[in-house]
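Data first, discussion second: the structure below is written as structure tokens.
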Amino acid sequence: MSTRSIGVALLGLGNVGGGVVKLLAENASAIEERLGARLEVRAIAVRDPDKSNRVVSADPSLMSTDLLATACRPDVDVVCELIGGTTLAREAVLAAVSAGKHVVTANKALLAEHGAEVFAAAEAAGVDIYYEAAVCGGVPIIRVLREGLASDRVESITGIVNGTSNYILSTMTATRRPFADILREAQALGYAEADPTLDVGGGDAAHKLAILVGLCFGRVPVEKIATDGIDIVEPIDLEYAAKFGYVIKPLAIARASGPAPDAPVEARVHPALIPQNWLMADVNGAKNAVYVQSYALGPSMYYGAGAGMLPTAMSVVSDMIEIGRNIFARAAGAAKPARPIATERALVPLADIRTRYYLRFGVQDQPGVLGQLMTVLGAHGVSIAQVVQDSASTDPVMVVVLTHEAREGDMRAALAEIDSLAVVRQPARVIRIAS
Ligand code: HSE
């Protein structure tokens, strides 16, 4: 048994915090062997020390309700922030950093919204911030981008980075069960955020994309990332997508429009049609995957559990081990391995992106309607690749169009005109097609 130890404070003992305690206990000897030291939980900050239904039982003598005092304890080397949110978590992380503690956090909202402040404070204090669990749970995509591909140049990223949205869309595709039922199931399985609108509305994926973009391209304001949730997808869209040979997946996409530092980057989060024969089409349930296109390696893909207690806890504990190694190598805070690029990078305006589109129109079934739709699209430079009209005589009747690549601004202008036509019964449904 090693005589060395690293003191850990856990802020939060929910699903992930409980997983950390469990993993530290169950894998203690392997961790000690790899680190050459023990990771010892010396304090745990909780809201309610008497809470009865915790995922693990922890030593009550370690628990405190004083978040800031726990974050600054002298016997603690690494503070592990697992409370979520951006107010208390920010305060606690900044307090820990100024007390000279290294920090591990799974908090994507904190890093996406306050990353510049948190990393600057860490740099000034000479401590490390590690955040593998903040993006894709157990998939080590942060390590891939900052270490594995450190000598490469990332050109684009296409990811399924929200497990809950993927679980909902893939279960809807396979079973045609209602959205609300499947969301409840994802919540019960511990995948969803405390506020599931962050999952369903794309906000969680936008936070994660901002972090990935920060590592590959530069800092972007998360609120400027164009974000659509999976709630724009109806069961009928999954059926039409299948007829055309596609599935619909919740994607986060970023790509450089040219070389750094001047060329803006495209960053967007939205459900998208992808061809059924893409690897990404087989990423189902709460699994996450990130497909990276880089200059030297070419395409590479990283896949695994993006949410859940043990996968996320695994990333948190691996970060603690890495910090422990840095401490023993006296390198903690000396390098900038985990820090994003500080320079701000401009975003391509949404109107200027070019992609293909799935458009679903609800129109009156009468002669000339199809012609009117096509004429308006054509007048705005949107070229049609495929069209189907529902054979059933429903009112409205569905017309589905797949376009060739078009400029988003032109496509939106065409749709505004189409939506005002007398024969159009409901606003067009627009889902981008990934290419
Ligand atoms: N709510 C998140 C998801 C958990 O569904 O992916 C991991 O960040």
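Each chain of the structure tokens is named A, B, ... in the order shown, its residues numbered from 1; ligands are numbered from 1 in display order.
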Interface rows for stretch 162-240 of chain A against stretch 386-405 of chain A: nearest pair, Å to one decimal, 10 Å, only C-alpha atoms, as CSV:
residue,atom,partner,partner_atom,distance
A:Ile236,CA,A:Met398,CA,9.9
A:Asp237,CA,A:Val400,CA,9.3
A:Tyr240,CA,A:Val400,CA,7.8
Limited to N, CA, C and O atoms, could you put the picked residues into a file as a CSV table (one decimal), in the first residue's frame?
chain,number,residue,atom,x,y,z
A,236,ILE,N,-43.9,11.7,-37.9
A,236,ILE,CA,-44.1,11.6,-39.4
A,236,ILE,C,-42.7,11.9,-40.1
A,236,ILE,O,-42.4,11.4,-41.2
A,237,ASP,N,-41.9,12.8,-39.5
A,237,ASP,CA,-40.6,13.1,-40.1
A,237,ASP,C,-39.7,11.9,-40.0
A,237,ASP,O,-38.9,11.7,-41.0
A,240,TYR,N,-40.8,9.7,-43.0
A,240,TYR,CA,-40.4,10.2,-44.3
A,240,TYR,C,-38.9,10.1,-44.4
A,240,TYR,O,-38.4,9.7,-45.5
Please provide as a VMD selection string all residues within 8 Å of stretch 214-225 of chain A, with the sequence filter that same-chain residues fewer than 4 positions apart are discarded (counting only C-alpha atoms).
chain A and resid 112 to 113 145 to 146 153 to 154 206 to 207 210 256 260 265 267 to 269 339 to 347
Quick one: residues within 7 Å of A:Tyr130, only C-alpha atoms, excluding same-chain residues fewer than 6 positions away - as a PyMOL selection string?
chain A and resi 103-105+319+338
Please dump the current selection as a PDB file, in the first residue's frame; keep all heavy atoms.
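Writing done, so here's out25.pdb:
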ATOM      1  N   VAL A 103      -8.957  21.564  -9.814  1.00  0.00           N
ATOM      2  CA  VAL A 103     -10.403  21.343  -9.902  1.00  0.00           C
ATOM      3  C   VAL A 103     -10.714  20.342 -11.001  1.00  0.00           C
ATOM      4  O   VAL A 103     -10.138  20.389 -12.088  1.00  0.00           O
ATOM      5  CB  VAL A 103     -11.134  22.685 -10.189  1.00  0.00           C
ATOM      6  CG1 VAL A 103     -12.611  22.452 -10.506  1.00  0.00           C
ATOM      7  CG2 VAL A 103     -10.996  23.633  -8.999  1.00  0.00           C
ATOM      8  N   VAL A 104     -11.634  19.440 -10.690  1.00  0.00           N
ATOM      9  CA  VAL A 104     -12.241  18.578 -11.705  1.00  0.00           C
ATOM     10  C   VAL A 104     -13.709  18.958 -11.732  1.00  0.00           C
ATOM     11  O   VAL A 104     -14.342  19.073 -10.679  1.00  0.00           O
ATOM     12  CB  VAL A 104     -12.115  17.085 -11.343  1.00  0.00           C
ATOM     13  CG1 VAL A 104     -12.833  16.226 -12.379  1.00  0.00           C
ATOM     14  CG2 VAL A 104     -10.656  16.677 -11.230  1.00  0.00           C
ATOM     15  N   THR A 105     -14.234  19.193 -12.924  1.00  0.00           N
ATOM     16  CA  THR A 105     -15.659  19.530 -13.001  1.00  0.00           C
ATOM     17  C   THR A 105     -16.319  18.795 -14.164  1.00  0.00           C
ATOM     18  O   THR A 105     -15.681  18.549 -15.193  1.00  0.00           O
ATOM     19  CB  THR A 105     -15.876  21.057 -13.120  1.00  0.00           C
ATOM     20  OG1 THR A 105     -17.282  21.302 -13.242  1.00  0.00           O
ATOM     21  CG2 THR A 105     -15.165  21.667 -14.313  1.00  0.00           C
ATOM     22  N   ASP A 319      -9.654  12.051 -14.411  1.00  0.00           N
ATOM     23  CA  ASP A 319      -9.092  13.409 -14.293  1.00  0.00           C
ATOM     24  C   ASP A 319      -8.352  13.590 -12.966  1.00  0.00           C
ATOM     25  O   ASP A 319      -7.289  14.220 -12.910  1.00  0.00           O
ATOM     26  CB  ASP A 319     -10.206  14.460 -14.390  1.00  0.00           C
ATOM     27  CG  ASP A 319     -10.604  14.768 -15.829  1.00  0.00           C
ATOM     28  OD1 ASP A 319      -9.919  14.308 -16.755  1.00  0.00           O
ATOM     29  OD2 ASP A 319     -11.595  15.488 -16.017  1.00  0.00           O
ATOM     30  N   ALA A 338      -5.006  21.261 -20.525  1.00  0.00           N
ATOM     31  CA  ALA A 338      -6.452  21.122 -20.572  1.00  0.00           C
ATOM     32  C   ALA A 338      -7.158  22.425 -20.896  1.00  0.00           C
ATOM     33  O   ALA A 338      -8.355  22.494 -20.881  1.00  0.00           O
ATOM     34  CB  ALA A 338      -6.954  20.593 -19.232  1.00  0.00           C
TER      35      ALA A 338
END
Taking the DSSP secondary structure from the backbone, can you list the residues of stretch 180-416 of chain A that are strand (DSSP E or B), as a ChimeraX atom specification?
/A:219,226-227,246-256,265-275,287-294,298-305,344,347,354-363,384-389,397-403,406-407
Could you save the residues just selected, with C-alpha atoms, as a PDB file, in the first residue's frame?
ATOM      1  CA  ARG A 219     -13.550  30.732 -27.849  1.00  0.00           C
ATOM      2  CA  ALA A 226     -27.502  28.331 -33.553  1.00  0.00           C
ATOM      3  CA  THR A 227     -29.537  25.797 -31.569  1.00  0.00           C
ATOM      4  CA  TYR A 246     -32.109   8.535 -43.682  1.00  0.00           C
ATOM      5  CA  VAL A 247     -32.387   8.545 -39.903  1.00  0.00           C
ATOM      6  CA  ILE A 248     -32.743  11.666 -37.775  1.00  0.00           C
ATOM      7  CA  LYS A 249     -30.058  12.267 -35.141  1.00  0.00           C
ATOM      8  CA  PRO A 250     -29.416  15.123 -32.697  1.00  0.00           C
ATOM      9  CA  LEU A 251     -26.182  16.614 -34.030  1.00  0.00           C
ATOM     10  CA  ALA A 252     -23.666  19.196 -32.878  1.00  0.00           C
ATOM     11  CA  ILE A 253     -21.590  20.411 -35.815  1.00  0.00           C
ATOM     12  CA  ALA A 254     -18.546  22.666 -35.986  1.00  0.00           C
ATOM     13  CA  ARG A 255     -16.238  23.357 -38.875  1.00  0.00           C
ATOM     14  CA  ALA A 256     -13.631  25.902 -39.778  1.00  0.00           C
ATOM     15  CA  VAL A 265     -16.192  28.829 -37.693  1.00  0.00           C
ATOM     16  CA  GLU A 266     -19.574  27.289 -38.221  1.00  0.00           C
ATOM     17  CA  ALA A 267     -21.133  25.949 -35.014  1.00  0.00           C
ATOM     18  CA  ARG A 268     -24.684  24.663 -34.763  1.00  0.00           C
ATOM     19  CA  VAL A 269     -26.825  22.209 -32.828  1.00  0.00           C
ATOM     20  CA  HIS A 270     -29.924  20.681 -34.394  1.00  0.00           C
ATOM     21  CA  PRO A 271     -31.533  17.403 -35.323  1.00  0.00           C
ATOM     22  CA  ALA A 272     -30.411  16.351 -38.796  1.00  0.00           C
ATOM     23  CA  LEU A 273     -31.149  13.704 -41.379  1.00  0.00           C
ATOM     24  CA  ILE A 274     -28.135  11.470 -41.897  1.00  0.00           C
ATOM     25  CA  PRO A 275     -27.828   8.620 -44.404  1.00  0.00           C
ATOM     26  CA  LYS A 287     -24.727   6.550 -26.560  1.00  0.00           C
ATOM     27  CA  ASN A 288     -22.674   9.504 -27.776  1.00  0.00           C
ATOM     28  CA  ALA A 289     -20.227   9.676 -30.671  1.00  0.00           C
ATOM     29  CA  VAL A 290     -17.963  12.332 -32.096  1.00  0.00           C
ATOM     30  CA  TYR A 291     -16.688  12.127 -35.658  1.00  0.00           C
ATOM     31  CA  VAL A 292     -13.596  14.253 -36.106  1.00  0.00           C
ATOM     32  CA  GLN A 293     -12.096  15.217 -39.447  1.00  0.00           C
ATOM     33  CA  SER A 294      -8.524  16.362 -39.016  1.00  0.00           C
ATOM     34  CA  GLY A 298      -8.267  12.174 -41.588  1.00  0.00           C
ATOM     35  CA  PRO A 299     -11.553  10.860 -40.191  1.00  0.00           C
ATOM     36  CA  SER A 300     -11.704   9.303 -36.718  1.00  0.00           C
ATOM     37  CA  MET A 301     -14.652   8.507 -34.479  1.00  0.00           C
ATOM     38  CA  TYR A 302     -15.071   8.185 -30.708  1.00  0.00           C
ATOM     39  CA  TYR A 303     -18.064   6.339 -29.280  1.00  0.00           C
ATOM     40  CA  GLY A 304     -19.448   5.312 -25.898  1.00  0.00           C
ATOM     41  CA  ALA A 305     -21.750   6.102 -23.001  1.00  0.00           C
ATOM     42  CA  GLU A 344     -12.132  34.491 -29.571  1.00  0.00           C
ATOM     43  CA  LEU A 347     -18.915  32.495 -36.006  1.00  0.00           C
ATOM     44  CA  ARG A 354     -24.746  26.040 -46.775  1.00  0.00           C
ATOM     45  CA  THR A 355     -26.364  22.669 -46.308  1.00  0.00           C
ATOM     46  CA  ARG A 356     -29.108  20.437 -47.689  1.00  0.00           C
ATOM     47  CA  TYR A 357     -32.651  20.582 -46.276  1.00  0.00           C
ATOM     48  CA  TYR A 358     -35.657  18.367 -45.629  1.00  0.00           C
ATOM     49  CA  LEU A 359     -38.801  20.490 -46.005  1.00  0.00           C
ATOM     50  CA  ARG A 360     -42.282  19.245 -45.142  1.00  0.00           C
ATOM     51  CA  PHE A 361     -45.241  21.306 -46.349  1.00  0.00           C
ATOM     52  CA  GLY A 362     -48.901  20.851 -45.418  1.00  0.00           C
ATOM     53  CA  VAL A 363     -50.845  22.123 -48.432  1.00  0.00           C
ATOM     54  CA  ILE A 384     -34.730  20.435 -55.509  1.00  0.00           C
ATOM     55  CA  ALA A 385     -33.207  16.960 -55.272  1.00  0.00           C
ATOM     56  CA  GLN A 386     -36.319  14.845 -54.482  1.00  0.00           C
ATOM     57  CA  VAL A 387     -40.046  15.377 -53.911  1.00  0.00           C
ATOM     58  CA  VAL A 388     -42.851  13.132 -52.607  1.00  0.00           C
ATOM     59  CA  GLN A 389     -46.476  13.852 -52.076  1.00  0.00           C
ATOM     60  CA  VAL A 397     -51.749  16.823 -47.810  1.00  0.00           C
ATOM     61  CA  MET A 398     -48.044  16.429 -47.039  1.00  0.00           C
ATOM     62  CA  VAL A 399     -45.425  17.351 -49.614  1.00  0.00           C
ATOM     63  CA  VAL A 400     -41.855  16.549 -48.657  1.00  0.00           C
ATOM     64  CA  VAL A 401     -38.909  18.066 -50.496  1.00  0.00           C
ATOM     65  CA  LEU A 402     -35.215  17.283 -50.166  1.00  0.00           C
ATOM     66  CA  THR A 403     -33.069  20.091 -51.518  1.00  0.00           C
ATOM     67  CA  ALA A 406     -28.491  25.882 -50.462  1.00  0.00           C
ATOM     68  CA  ARG A 407     -27.692  28.983 -48.452  1.00  0.00           C
TER      69      ARG A 407
END
Can I get the residues of chain A within 10 Å of ligand 1, each with the closest pair of atoms and their distance in Å to one decimal, using only C-alpha atoms and all ligand atoms, sorted chain first then ascending number, as a tab-separated table?
residue	atom	partner	partner_atom_place_in_ligand_line	distance
A:Val16	CA	ligand 1	7 (C)	10.0
A:Ala106	CA	ligand 1	8 (O)	7.9
A:Asn107	CA	ligand 1	8 (O)	8.3
A:Lys108	CA	ligand 1	8 (O)	7.5
A:Ala109	CA	ligand 1	8 (O)	9.8
A:Ala133	CA	ligand 1	8 (O)	7.6
A:Ala134	CA	ligand 1	8 (O)	6.2
A:Val135	CA	ligand 1	8 (O)	6.2
A:Cys136	CA	ligand 1	8 (O)	6.1
A:Gly137	CA	ligand 1	7 (C)	5.4
A:Gly138	CA	ligand 1	7 (C)	9.1
A:Ile160	CA	ligand 1	6 (O)	8.8
A:Val161	CA	ligand 1	6 (O)	6.1
A:Asn162	CA	ligand 1	6 (O)	3.5
A:Gly163	CA	ligand 1	6 (O)	3.6
A:Thr164	CA	ligand 1	5 (O)	3.7
A:Ser165	CA	ligand 1	5 (O)	6.5
A:Asn166	CA	ligand 1	5 (O)	7.9
A:Tyr167	CA	ligand 1	5 (O)	8.2
A:Ile168	CA	ligand 1	5 (O)	9.9
A:Ala186	CA	ligand 1	5 (O)	8.1
A:Gln187	CA	ligand 1	1 (N)	8.8
A:Gly190	CA	ligand 1	4 (C)	8.0
A:Tyr191	CA	ligand 1	5 (O)	4.7
A:Ala192	CA	ligand 1	1 (N)	3.9
A:Glu193	CA	ligand 1	1 (N)	4.3
A:Ala194	CA	ligand 1	1 (N)	8.1
A:Asp195	CA	ligand 1	1 (N)	8.8
A:Pro196	CA	ligand 1	1 (N)	7.3
A:Thr197	CA	ligand 1	1 (N)	9.7
A:Leu198	CA	ligand 1	1 (N)	7.7
A:Asp199	CA	ligand 1	1 (N)	5.7
A:Val200	CA	ligand 1	5 (O)	8.8
A:Gly203	CA	ligand 1	1 (N)	9.9
A:Asp204	CA	ligand 1	2 (C)	6.7
A:Ala205	CA	ligand 1	6 (O)	7.6
A:His207	CA	ligand 1	8 (O)	9.5
A:Lys208	CA	ligand 1	8 (O)	8.1
A:Ala286	CA	ligand 1	5 (O)	6.9
A:Lys287	CA	ligand 1	6 (O)	8.4
A:Asn288	CA	ligand 1	6 (O)	7.7
A:Ala305	CA	ligand 1	6 (O)	8.9
A:Gly306	CA	ligand 1	6 (O)	5.5
A:Ala307	CA	ligand 1	7 (C)	4.3
A:Gly308	CA	ligand 1	4 (C)	7.0
A:Met309	CA	ligand 1	4 (C)	9.5
A:Pro311	CA	ligand 1	7 (C)	9.8
A:Thr312	CA	ligand 1	7 (C)	7.6
Suppose you want the space between atom CA of A:Asp75 and atom CA of A:Pro140; what is it in Å?
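Interatomic distance, atom CA of A:Asp75 to atom CA of A:Pro140: 29.1 Å.
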Please extract the residues of stretch 12-170 of chain A with a backbone DSSP assignment of helix (DSSP H, G or I) and present them as number ranges by chain.
A: 15-26, 28-35, 60-62, 67-71, 88-98, 108-125, 132-134, 141-148, 163-170
Residues of stretch 303-346 of chain A that approach stretch 81-98 of chain A to 12 Å or less, counting only C-alpha atoms: could you list each one with the shortest pair of atoms and its distance in Å to one decimal, rows by chain and increasing residue number, as a Markdown table?
| residue | atom | partner | partner_atom | distance |
| --- | --- | --- | --- | --- |
| A:Met309 | CA | A:Leu82 | CA | 11.8 |
| A:Thr312 | CA | A:Leu82 | CA | 10.6 |
| A:Ala313 | CA | A:Leu82 | CA | 10.0 |
| A:Val316 | CA | A:Leu82 | CA | 9.4 |
| A:Val317 | CA | A:Glu81 | CA | 12.0 |
| A:Met320 | CA | A:Glu81 | CA | 11.7 |
| A:Gly333 | CA | A:Val97 | CA | 10.9 |
Produce a file of the selected residues containing N, CA and C atoms, as a JSON list (two decimals), in the first residue's frame.
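Listing of out.json after writing:
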[["chain", "number", "residue", "atom", "x", "y", "z"],
["A", 309, "MET", "N", -24.35, 7.23, -14.45],
["A", 309, "MET", "CA", -23.56, 7.38, -13.23],
["A", 309, "MET", "C", -22.10, 6.93, -13.40],
["A", 312, "THR", "N", -19.82, 8.55, -16.34],
["A", 312, "THR", "CA", -19.42, 9.94, -16.06],
["A", 312, "THR", "C", -18.43, 9.98, -14.90],
["A", 313, "ALA", "N", -18.70, 9.15, -13.87],
["A", 313, "ALA", "CA", -17.79, 9.10, -12.73],
["A", 313, "ALA", "C", -16.40, 8.63, -13.17],
["A", 316, "VAL", "N", -14.47, 11.51, -14.36],
["A", 316, "VAL", "CA", -14.10, 12.39, -13.24],
["A", 316, "VAL", "C", -12.88, 11.81, -12.51],
["A", 317, "VAL", "N", -12.93, 10.51, -12.23],
["A", 317, "VAL", "CA", -11.83, 9.90, -11.45],
["A", 317, "VAL", "C", -10.55, 9.85, -12.29],
["A", 320, "MET", "N", -8.92, 13.03, -11.89],
["A", 320, "MET", "CA", -8.23, 13.14, -10.58],
["A", 320, "MET", "C", -6.87, 12.44, -10.66],
["A", 333, "GLY", "N", -0.40, 22.76, -13.16],
["A", 333, "GLY", "CA", -0.54, 24.18, -13.44],
["A", 333, "GLY", "C", 0.57, 24.75, -14.29]]
Rank A:Ile141, A:Leu110, A:Val430, A:Ile327 by their smallest atom-to-atom distance to A:Ile232, using only C-alpha atoms, and report the top residue only.
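Ranked by minimum distance to A:Ile232, first place goes to A:Val430.
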